[in-house]
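Below is upload.txt, holding compact mmCIF, C-alpha atoms.
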# COMPACT_ATOMS: atom_id res chain seq x y z
CA MET J 1 -21.40 3.49 -19.89
CA ASP J 2 -23.58 2.37 -16.98
CA SER J 3 -20.42 1.39 -15.09
CA LEU J 4 -19.46 5.08 -15.03
CA ILE J 5 -22.48 5.99 -12.94
CA PRO J 6 -20.94 5.02 -9.58
CA PHE J 7 -17.99 7.29 -10.33
CA THR J 8 -19.96 10.40 -11.16
CA THR J 9 -21.35 10.93 -7.68
CA SER J 10 -19.33 12.12 -4.68
CA GLY J 11 -15.69 11.10 -4.30
CA SER J 12 -16.13 7.86 -2.37
CA LEU J 13 -14.21 4.63 -2.70
CA VAL J 14 -17.08 2.43 -1.60
CA ASP J 15 -17.84 1.49 -5.19
CA CYS J 16 -14.27 0.28 -5.64
CA VAL J 17 -14.37 -2.15 -2.72
CA ASP J 18 -14.02 -5.83 -3.62
CA ARG J 19 -12.93 -4.89 -7.11
CA LYS J 20 -9.58 -5.48 -8.70
CA MET J 21 -7.77 -2.14 -8.75
CA LEU J 22 -4.56 -0.74 -10.10
CA VAL J 23 -2.70 1.39 -7.56
CA VAL J 24 0.19 3.61 -8.60
CA LEU J 25 2.40 4.78 -5.75
CA ARG J 26 4.48 7.91 -5.54
CA ASP J 27 7.66 5.86 -5.82
CA GLY J 28 6.45 4.63 -9.21
CA ARG J 29 5.37 1.16 -8.17
CA LYS J 30 2.36 -0.32 -9.94
CA LEU J 31 0.35 -2.70 -7.80
CA GLN J 32 -2.77 -4.64 -8.73
CA GLY J 33 -5.02 -6.18 -6.15
CA VAL J 34 -8.51 -6.46 -4.76
CA LEU J 35 -9.43 -3.42 -2.72
CA ARG J 36 -10.84 -4.70 0.54
CA SER J 37 -11.19 -1.54 2.60
CA TYR J 38 -10.26 2.11 2.96
CA ASP J 39 -10.63 4.94 5.45
CA GLN J 40 -10.86 8.72 5.63
CA PHE J 41 -7.19 9.09 4.67
CA ALA J 42 -7.63 6.78 1.68
CA ASN J 43 -5.33 4.26 3.34
CA LEU J 44 -6.03 1.08 1.39
CA VAL J 45 -6.11 -2.62 2.11
CA LEU J 46 -5.21 -4.53 -1.04
CA GLU J 47 -5.53 -8.32 -1.15
CA ASP J 48 -3.66 -10.74 -3.43
CA THR J 49 -1.51 -7.88 -4.61
CA VAL J 50 0.74 -8.30 -7.63
CA GLU J 51 3.53 -5.88 -8.44
CA ARG J 52 4.27 -5.40 -12.11
CA ILE J 53 7.31 -3.90 -13.78
CA TYR J 54 7.57 -2.91 -17.42
CA HIS J 55 10.43 -2.46 -19.84
CA GLN J 56 9.92 -1.76 -23.57
CA ASP J 57 7.57 -4.49 -24.82
CA VAL J 58 8.03 -6.83 -21.88
CA PHE J 59 6.63 -7.08 -18.36
CA ALA J 60 7.12 -9.16 -15.22
CA GLU J 61 5.00 -9.81 -12.16
CA LEU J 62 5.64 -10.67 -8.54
CA LYS J 63 3.06 -11.82 -6.00
CA ARG J 64 3.11 -9.60 -2.93
CA GLY J 65 0.18 -10.71 -0.79
CA LEU J 66 -1.76 -8.46 1.58
CA PHE J 67 -0.90 -4.76 1.62
CA LEU J 68 -1.88 -1.88 3.83
CA ILE J 69 -0.93 1.23 1.88
CA ARG J 70 -0.73 4.62 3.56
CA GLY J 71 -2.99 6.91 1.60
CA GLU J 72 -0.59 9.79 1.06
CA ASN J 73 1.68 7.54 -1.02
CA VAL J 74 -1.00 6.77 -3.59
CA VAL J 75 -0.96 8.66 -6.87
CA LEU J 76 -3.99 7.05 -8.43
CA LEU J 77 -6.44 4.21 -8.19
CA GLY J 78 -7.96 2.67 -11.29
CA GLU J 79 -10.47 -0.10 -11.76
CA ILE J 80 -9.24 -3.04 -13.80
CA ASP J 81 -11.61 -4.35 -16.43
CA LEU J 82 -11.54 -8.09 -15.85
CA ASP J 83 -12.65 -8.75 -19.41
CA GLN J 84 -9.80 -6.79 -20.92
CA GLU J 85 -7.04 -7.31 -18.39
CA ASP J 86 -5.51 -10.26 -20.26
CA ASP J 87 -5.35 -8.43 -23.59
CA VAL J 88 -1.89 -7.14 -22.80
CA PRO J 89 0.16 -6.43 -25.93
CA LEU J 90 3.33 -7.24 -24.00
CA ARG J 91 5.32 -10.39 -23.44
CA GLN J 92 5.65 -11.74 -19.88
CA VAL J 93 9.04 -12.80 -18.53
CA ASP J 94 10.50 -13.73 -15.16
CA TRP J 95 10.90 -11.05 -12.55
CA ALA J 96 14.57 -11.85 -11.95
CA VAL J 97 15.29 -11.37 -15.65
CA LEU J 98 13.61 -8.01 -16.02
CA GLU J 99 14.43 -6.52 -12.64
CA PRO J 100 17.95 -5.24 -13.50
CA TYR J 101 16.63 -3.43 -16.60
CA HIS J 102 13.82 -1.92 -14.60
CA ARG J 103 16.20 -0.83 -11.87
CA GLN J 104 18.45 0.85 -14.43
CA GLU J 105 15.45 2.59 -15.96
CA ILE J 106 14.52 3.98 -12.58
CA ILE J 107 18.04 5.28 -11.98
CA ASP J 108 18.11 6.95 -15.41
CA LYS J 109 14.69 8.46 -14.86
CA LYS J 110 15.77 9.77 -11.48
CA HIS J 111 18.76 11.54 -13.03
CA ARG J 112 16.66 13.01 -15.81
CA ASP J 113 14.03 14.25 -13.37
CA GLU J 114 16.64 15.74 -11.07
CA ALA J 115 18.27 17.55 -13.97
CA LYS J 116 14.88 18.80 -15.17
CA ALA J 117 13.85 19.96 -11.71
CA GLN J 118 17.13 21.81 -11.28
CA ILE J 119 16.77 23.63 -14.59
CA LEU J 120 13.16 24.55 -13.89
CA TYR J 121 14.15 25.79 -10.46
CA GLU J 122 17.06 27.88 -11.67
CA ARG J 123 15.63 29.28 -14.88
CA LYS J 124 11.89 29.37 -14.38
CA GLY J 125 11.46 29.71 -10.65
CA PHE J 126 9.67 26.38 -10.09
CA CYS J 127 9.73 24.97 -6.57
CA LYS J 128 11.69 21.88 -5.69
CA GLU J 129 9.83 18.82 -4.48
CA GLY J 130 10.22 17.15 -1.12
CA GLY J 131 9.98 20.35 0.85
CA GLU J 132 8.61 20.79 4.35
CA GLY J 133 5.05 21.43 3.33
CA ASP J 134 4.69 18.41 1.04
CA GLY J 135 3.51 15.83 3.54
CA TYR J 136 0.24 15.60 5.37
CA MET T 1 4.98 -7.87 9.11
CA LEU T 2 7.08 -5.84 6.73
CA VAL T 3 7.09 -2.06 6.88
CA GLU T 4 8.52 -0.03 4.03
CA LEU T 5 9.29 3.61 4.71
CA LYS T 6 9.06 6.45 2.24
CA ASN T 7 12.85 6.38 1.88
CA GLY T 8 12.81 2.70 0.88
CA GLU T 9 14.13 1.22 4.13
CA THR T 10 12.34 -1.94 5.20
CA PHE T 11 11.64 -3.25 8.67
CA ASN T 12 10.63 -6.86 9.24
CA GLY T 13 9.28 -7.58 12.68
CA HIS T 14 6.39 -8.26 15.01
CA LEU T 15 3.93 -5.48 15.69
CA VAL T 16 3.81 -4.63 19.37
CA ASN T 17 1.65 -1.55 19.37
CA CYS T 18 0.17 1.12 17.17
CA ASP T 19 -1.88 4.28 17.44
CA ASN T 20 -4.22 6.40 15.38
CA PHE T 21 -1.33 8.15 13.67
CA MET T 22 0.00 4.80 12.43
CA ASN T 23 3.02 5.20 14.75
CA ILE T 24 4.14 1.64 15.49
CA THR T 25 6.52 -0.29 17.67
CA LEU T 26 8.04 -3.54 16.43
CA ARG T 27 9.98 -6.28 18.20
CA GLU T 28 12.76 -8.56 16.80
CA VAL T 29 13.28 -6.33 13.80
CA TYR T 30 15.41 -6.88 10.71
CA GLN T 31 16.16 -3.51 9.13
CA THR T 32 17.36 -3.22 5.53
CA ASN T 33 18.65 -0.13 3.77
CA PRO T 34 16.95 1.14 0.58
CA GLU T 35 19.54 -0.49 -1.70
CA GLY T 36 18.96 -3.83 0.00
CA ASP T 37 22.61 -4.49 0.72
CA ARG T 38 22.94 -3.63 4.42
CA PHE T 39 21.15 -5.25 7.32
CA TRP T 40 20.66 -4.55 10.98
CA LYS T 41 18.99 -6.53 13.72
CA LEU T 42 17.14 -4.49 16.31
CA LYS T 43 15.50 -5.78 19.46
CA GLU T 44 12.78 -3.23 19.13
CA CYS T 45 12.07 -0.06 17.23
CA TYR T 46 9.60 2.77 16.98
CA ILE T 47 8.47 4.00 13.58
CA ARG T 48 6.68 7.30 13.13
CA GLY T 49 3.51 6.81 11.10
CA SER T 50 4.18 9.72 8.77
CA THR T 51 7.30 8.00 7.44
CA ILE T 52 5.52 4.83 6.39
CA LYS T 53 4.91 4.03 2.74
CA TYR T 54 3.13 0.72 3.22
CA LEU T 55 2.82 -2.41 5.35
CA ARG T 56 2.85 -5.98 4.07
CA VAL T 57 1.06 -8.42 6.32
CA PRO T 58 0.40 -12.18 6.22
CA ASP T 59 -2.41 -13.17 3.87
CA PRO T 60 -4.55 -14.95 6.51
CA LEU T 61 -4.75 -11.74 8.54
CA LEU T 62 -7.75 -10.48 6.61
CA ASP T 63 -9.85 -13.48 7.61
CA LEU T 64 -8.54 -13.41 11.18
CA VAL T 65 -9.58 -9.79 11.58
CA LYS T 66 -12.99 -10.45 10.07
CA ASP T 67 -13.56 -13.34 12.53
CA GLU T 68 -12.33 -11.23 15.42
CA GLN T 69 -14.74 -8.43 14.54
CA THR T 70 -17.65 -10.85 14.17
CA ARG T 71 -16.85 -12.40 17.54
CA ALA T 72 -16.51 -8.98 19.16
CA ARG T 73 -19.83 -7.87 17.71
CA GLU T 74 -21.51 -11.04 18.99
CA ALA T 75 -19.93 -10.65 22.41
CA GLY T 76 -21.02 -7.02 22.56
CA ARG T 77 -24.52 -7.92 21.50
CA SER T 78 -24.99 -10.69 24.08
CA ALA T 79 -23.43 -8.56 26.82
CA ARG T 80 -25.86 -5.72 26.16
CA GLY T 81 -28.72 -8.22 25.68
CA GLY T 82 -32.51 -7.75 25.48
CA PRO T 83 -34.56 -5.49 23.23
CA GLY T 84 -33.57 -1.93 22.66
CA GLY T 85 -29.89 -2.61 22.47
CA GLY T 86 -29.20 1.12 22.26
CA ARG T 87 -26.19 1.59 20.06
CA GLY T 88 -27.06 -1.13 17.61
CA ARG T 89 -23.44 -1.75 16.67
CA GLY T 90 -20.99 -3.36 19.07
CA ALA T 91 -17.98 -1.12 19.66
CA PRO T 92 -14.85 -2.88 18.44
CA PRO T 93 -12.39 -3.64 21.26
CA ARG T 94 -9.49 -1.22 21.30
CA GLY T 95 -5.98 -1.34 22.70
CA ARG T 96 -5.03 -4.59 21.04
CA GLY T 97 -3.18 -3.05 18.16
CA ALA T 98 -3.14 -5.57 15.31
CA ALA T 99 -3.86 -4.51 11.79
CA ARG T 100 -7.17 -3.04 12.81
CA GLY T 101 -5.91 -0.67 15.47
CA GLY T 102 -5.08 1.93 12.83
CA PRO T 103 -7.39 4.25 10.99
CA ILE T 104 -9.04 1.58 8.78
CA ARG T 105 -12.67 1.58 9.81
CA GLY T 106 -15.20 1.54 7.05
CA GLY T 107 -15.90 0.64 3.49
CA ARG T 108 -16.05 -3.12 3.51
CA GLY T 109 -18.27 -4.39 0.72
CA ARG T 110 -20.21 -7.59 1.00
CA GLY T 111 -21.09 -10.23 -1.54
CA ARG T 112 -19.72 -8.43 -4.54
CA GLY T 113 -17.51 -10.54 -6.80
CA GLY T 114 -14.13 -9.04 -7.63

Can you present the structure in this file as structure tokens?
Amino acid sequence: MDSLIPFTTSGSLVDCVDRKMLVVLRDGRKLQGVLRSYDQFANLVLEDTVERIYHQDVFAELKRGLFLIRGENVVLLGEIDLDQEDDVPLRQVDWAVLEPYHRQEIIDKKHRDEAKAQILYERKGFCKEGGEGDGY
Amino acid sequence: MLVELKNGETFNGHLVNCDNFMNITLREVYQTNPEGDRFWKLKECYIRGSTIKYLRVPDPLLDLVKDEQTRAREAGRSARGGPGGGRGRGAPPRGRGAARGGPIRGGRGRGRGG
């Protein structure tokens, strides 16, 4: 509970620096790395980054090195509990093995989301994403 | 360094220049399409910062930048010299580009284990 205290004050990333963080990007990528620095746009520098892909009860990792991520592409940032991070109820396999399944999953998801967005737009008046005003 | 754009295209090349908007120019660039099956070689290219998703840079760069900043701070300090140094924090040299030329400025923790 005491580890929640840094996160209940103002929205600053300073308490996340030098900690292992999970970053989810808008394109769906899940990166884990040590947050080394940030700026007013929440651009992030992530060291020793590992990209992880999942499929059913299996996952795969790929070392990616040093990243500078443009802040607007980040969906969320989460601190990784180093004590619990190895308690993964999934089996690890090679990246090359899992990658085709993951790629297919992404394609399927893209079709589903497009179909959903179209229906919502036509029947319920929702806006479509990727419009002019979406970026910073 | 490698630059991936929001549309998934990747550009592998040497950073020539950058500005506060993250607009960059690269030299000797290998461009790849989002599917990863088509390649182009460009002598140089300009990438608008707003189209960038992320940059991948060599691992040793973090230490290099840290050393550079320490050296710059020391150089600034000795150049100003004497008591009452005024600003109390050496201004980092600008105009060199590199990974530091962009908006990253603050938030570096010290001595805290990962």

Find the residues near stretch 39-55 of chain T: any atom within 6 Å, counting all atoms listed in the file, skip ones fewer than 3 places away on the same chain, and give them as a list in words.
-> Phe67, Leu68, Ile69 and Arg70 of chain J; Leu2, Val3, Glu4, Leu5, Lys6, Phe21, Met22, Asn23, Ile24, Thr25, Leu26, Arg27, Glu28, Val29, Tyr30, Gln31 and Thr32 of chain T

Please determine the contact residues of chain J with respect to chain T at a cut-off of 12 Å, counting all atoms listed in the file, and supply them as a PyMOL selection string.
-> chain J and resi 12-21+25-29+31+33-49+63-74+79-83+103+107+130+134-136

Would you list the residues near (7.6, -14.9, -13.8) (no more than 8 Å away, in the coordinates of the file, using only C-alpha atoms) as a ChimeraX atom specification?
-> /J:60-62,92-96

Correct to one decimal, the distance atom CA of T:His14-atom CA of J:Arg52 is 27.4 Å

Two-atom distance - atom CA of T:Glu74, atom CA of T:Cys18 (Å) |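 Interatomic distance here is 24.9 Å.
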
Taking the partial coordinates given, rebuild stretch 70-81 of chain J to contain all heavy atoms; return it as a short mmCIF file (atom, residue, chain, number, x, y, z; two decimals), keeping the file's coordinate frame.
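Writing done, so here's selection-v7.cif:
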data_model
loop_
_atom_site.label_atom_id
_atom_site.label_comp_id
_atom_site.auth_asym_id
_atom_site.auth_seq_id
_atom_site.Cartn_x
_atom_site.Cartn_y
_atom_site.Cartn_z
N ARG J 70 -0.42 3.32 2.97
CA ARG J 70 -0.73 4.62 3.56
C ARG J 70 -1.18 5.55 2.45
O ARG J 70 -0.49 5.72 1.45
CB ARG J 70 0.51 5.16 4.27
CG ARG J 70 0.20 6.28 5.22
CD ARG J 70 1.43 6.73 5.97
NE ARG J 70 1.27 8.08 6.45
CZ ARG J 70 0.80 8.41 7.66
NH1 ARG J 70 0.45 7.47 8.50
NH2 ARG J 70 0.70 9.67 8.00
N GLY J 71 -2.33 6.17 2.66
CA GLY J 71 -2.99 6.91 1.60
C GLY J 71 -2.17 7.98 0.91
O GLY J 71 -2.27 8.16 -0.31
N GLU J 72 -1.31 8.67 1.67
CA GLU J 72 -0.59 9.79 1.06
C GLU J 72 0.41 9.34 0.01
O GLU J 72 0.94 10.16 -0.73
CB GLU J 72 0.11 10.60 2.14
CG GLU J 72 1.07 9.79 2.97
CD GLU J 72 1.86 10.65 3.93
OE1 GLU J 72 2.25 11.75 3.54
OE2 GLU J 72 2.11 10.19 5.06
N ASN J 73 0.71 8.05 -0.05
CA ASN J 73 1.68 7.54 -1.02
C ASN J 73 1.03 7.10 -2.33
O ASN J 73 1.73 6.66 -3.24
CB ASN J 73 2.44 6.36 -0.43
CG ASN J 73 3.23 6.76 0.80
OD1 ASN J 73 4.21 7.46 0.72
ND2 ASN J 73 2.75 6.32 1.96
N VAL J 74 -0.30 7.22 -2.40
CA VAL J 74 -1.00 6.77 -3.59
C VAL J 74 -1.15 7.92 -4.57
O VAL J 74 -1.60 9.00 -4.21
CB VAL J 74 -2.39 6.22 -3.21
CG1 VAL J 74 -3.19 5.87 -4.45
CG2 VAL J 74 -2.23 5.00 -2.32
N VAL J 75 -0.76 7.68 -5.82
CA VAL J 75 -0.96 8.66 -6.87
C VAL J 75 -2.35 8.50 -7.46
O VAL J 75 -3.10 9.45 -7.58
CB VAL J 75 0.11 8.50 -7.97
CG1 VAL J 75 -0.25 9.32 -9.20
CG2 VAL J 75 1.46 8.91 -7.45
N LEU J 76 -2.67 7.27 -7.85
CA LEU J 76 -3.99 7.05 -8.43
C LEU J 76 -4.46 5.63 -8.18
O LEU J 76 -3.69 4.72 -7.85
CB LEU J 76 -3.95 7.34 -9.94
CG LEU J 76 -3.07 6.48 -10.81
CD1 LEU J 76 -3.77 5.24 -11.32
CD2 LEU J 76 -2.58 7.29 -12.00
N LEU J 77 -5.75 5.48 -8.36
CA LEU J 77 -6.44 4.21 -8.19
C LEU J 77 -7.28 4.02 -9.44
O LEU J 77 -8.02 4.91 -9.82
CB LEU J 77 -7.33 4.33 -6.97
CG LEU J 77 -7.82 3.10 -6.26
CD1 LEU J 77 -6.67 2.27 -5.78
CD2 LEU J 77 -8.66 3.52 -5.08
N GLY J 78 -7.15 2.86 -10.10
CA GLY J 78 -7.96 2.67 -11.29
C GLY J 78 -8.58 1.30 -11.28
O GLY J 78 -7.96 0.32 -10.86
N GLU J 79 -9.82 1.19 -11.75
CA GLU J 79 -10.47 -0.10 -11.76
C GLU J 79 -9.98 -0.90 -12.96
O GLU J 79 -9.86 -0.38 -14.06
CB GLU J 79 -11.98 0.04 -11.84
CG GLU J 79 -12.67 -1.31 -11.73
CD GLU J 79 -14.16 -1.24 -11.94
OE1 GLU J 79 -14.71 -0.12 -11.89
OE2 GLU J 79 -14.78 -2.28 -12.15
N ILE J 80 -9.70 -2.17 -12.72
CA ILE J 80 -9.24 -3.04 -13.80
C ILE J 80 -10.43 -3.78 -14.40
O ILE J 80 -11.21 -4.41 -13.69
CB ILE J 80 -8.20 -4.03 -13.26
CG1 ILE J 80 -6.92 -3.28 -12.90
CG2 ILE J 80 -7.88 -5.12 -14.28
CD1 ILE J 80 -5.88 -4.10 -12.22
N ASP J 81 -10.54 -3.67 -15.70
CA ASP J 81 -11.61 -4.35 -16.43
C ASP J 81 -11.21 -5.81 -16.57
O ASP J 81 -10.28 -6.14 -17.32
CB ASP J 81 -11.78 -3.71 -17.80
CG ASP J 81 -13.00 -4.23 -18.53
OD1 ASP J 81 -13.39 -5.39 -18.29
OD2 ASP J 81 -13.56 -3.48 -19.34
#
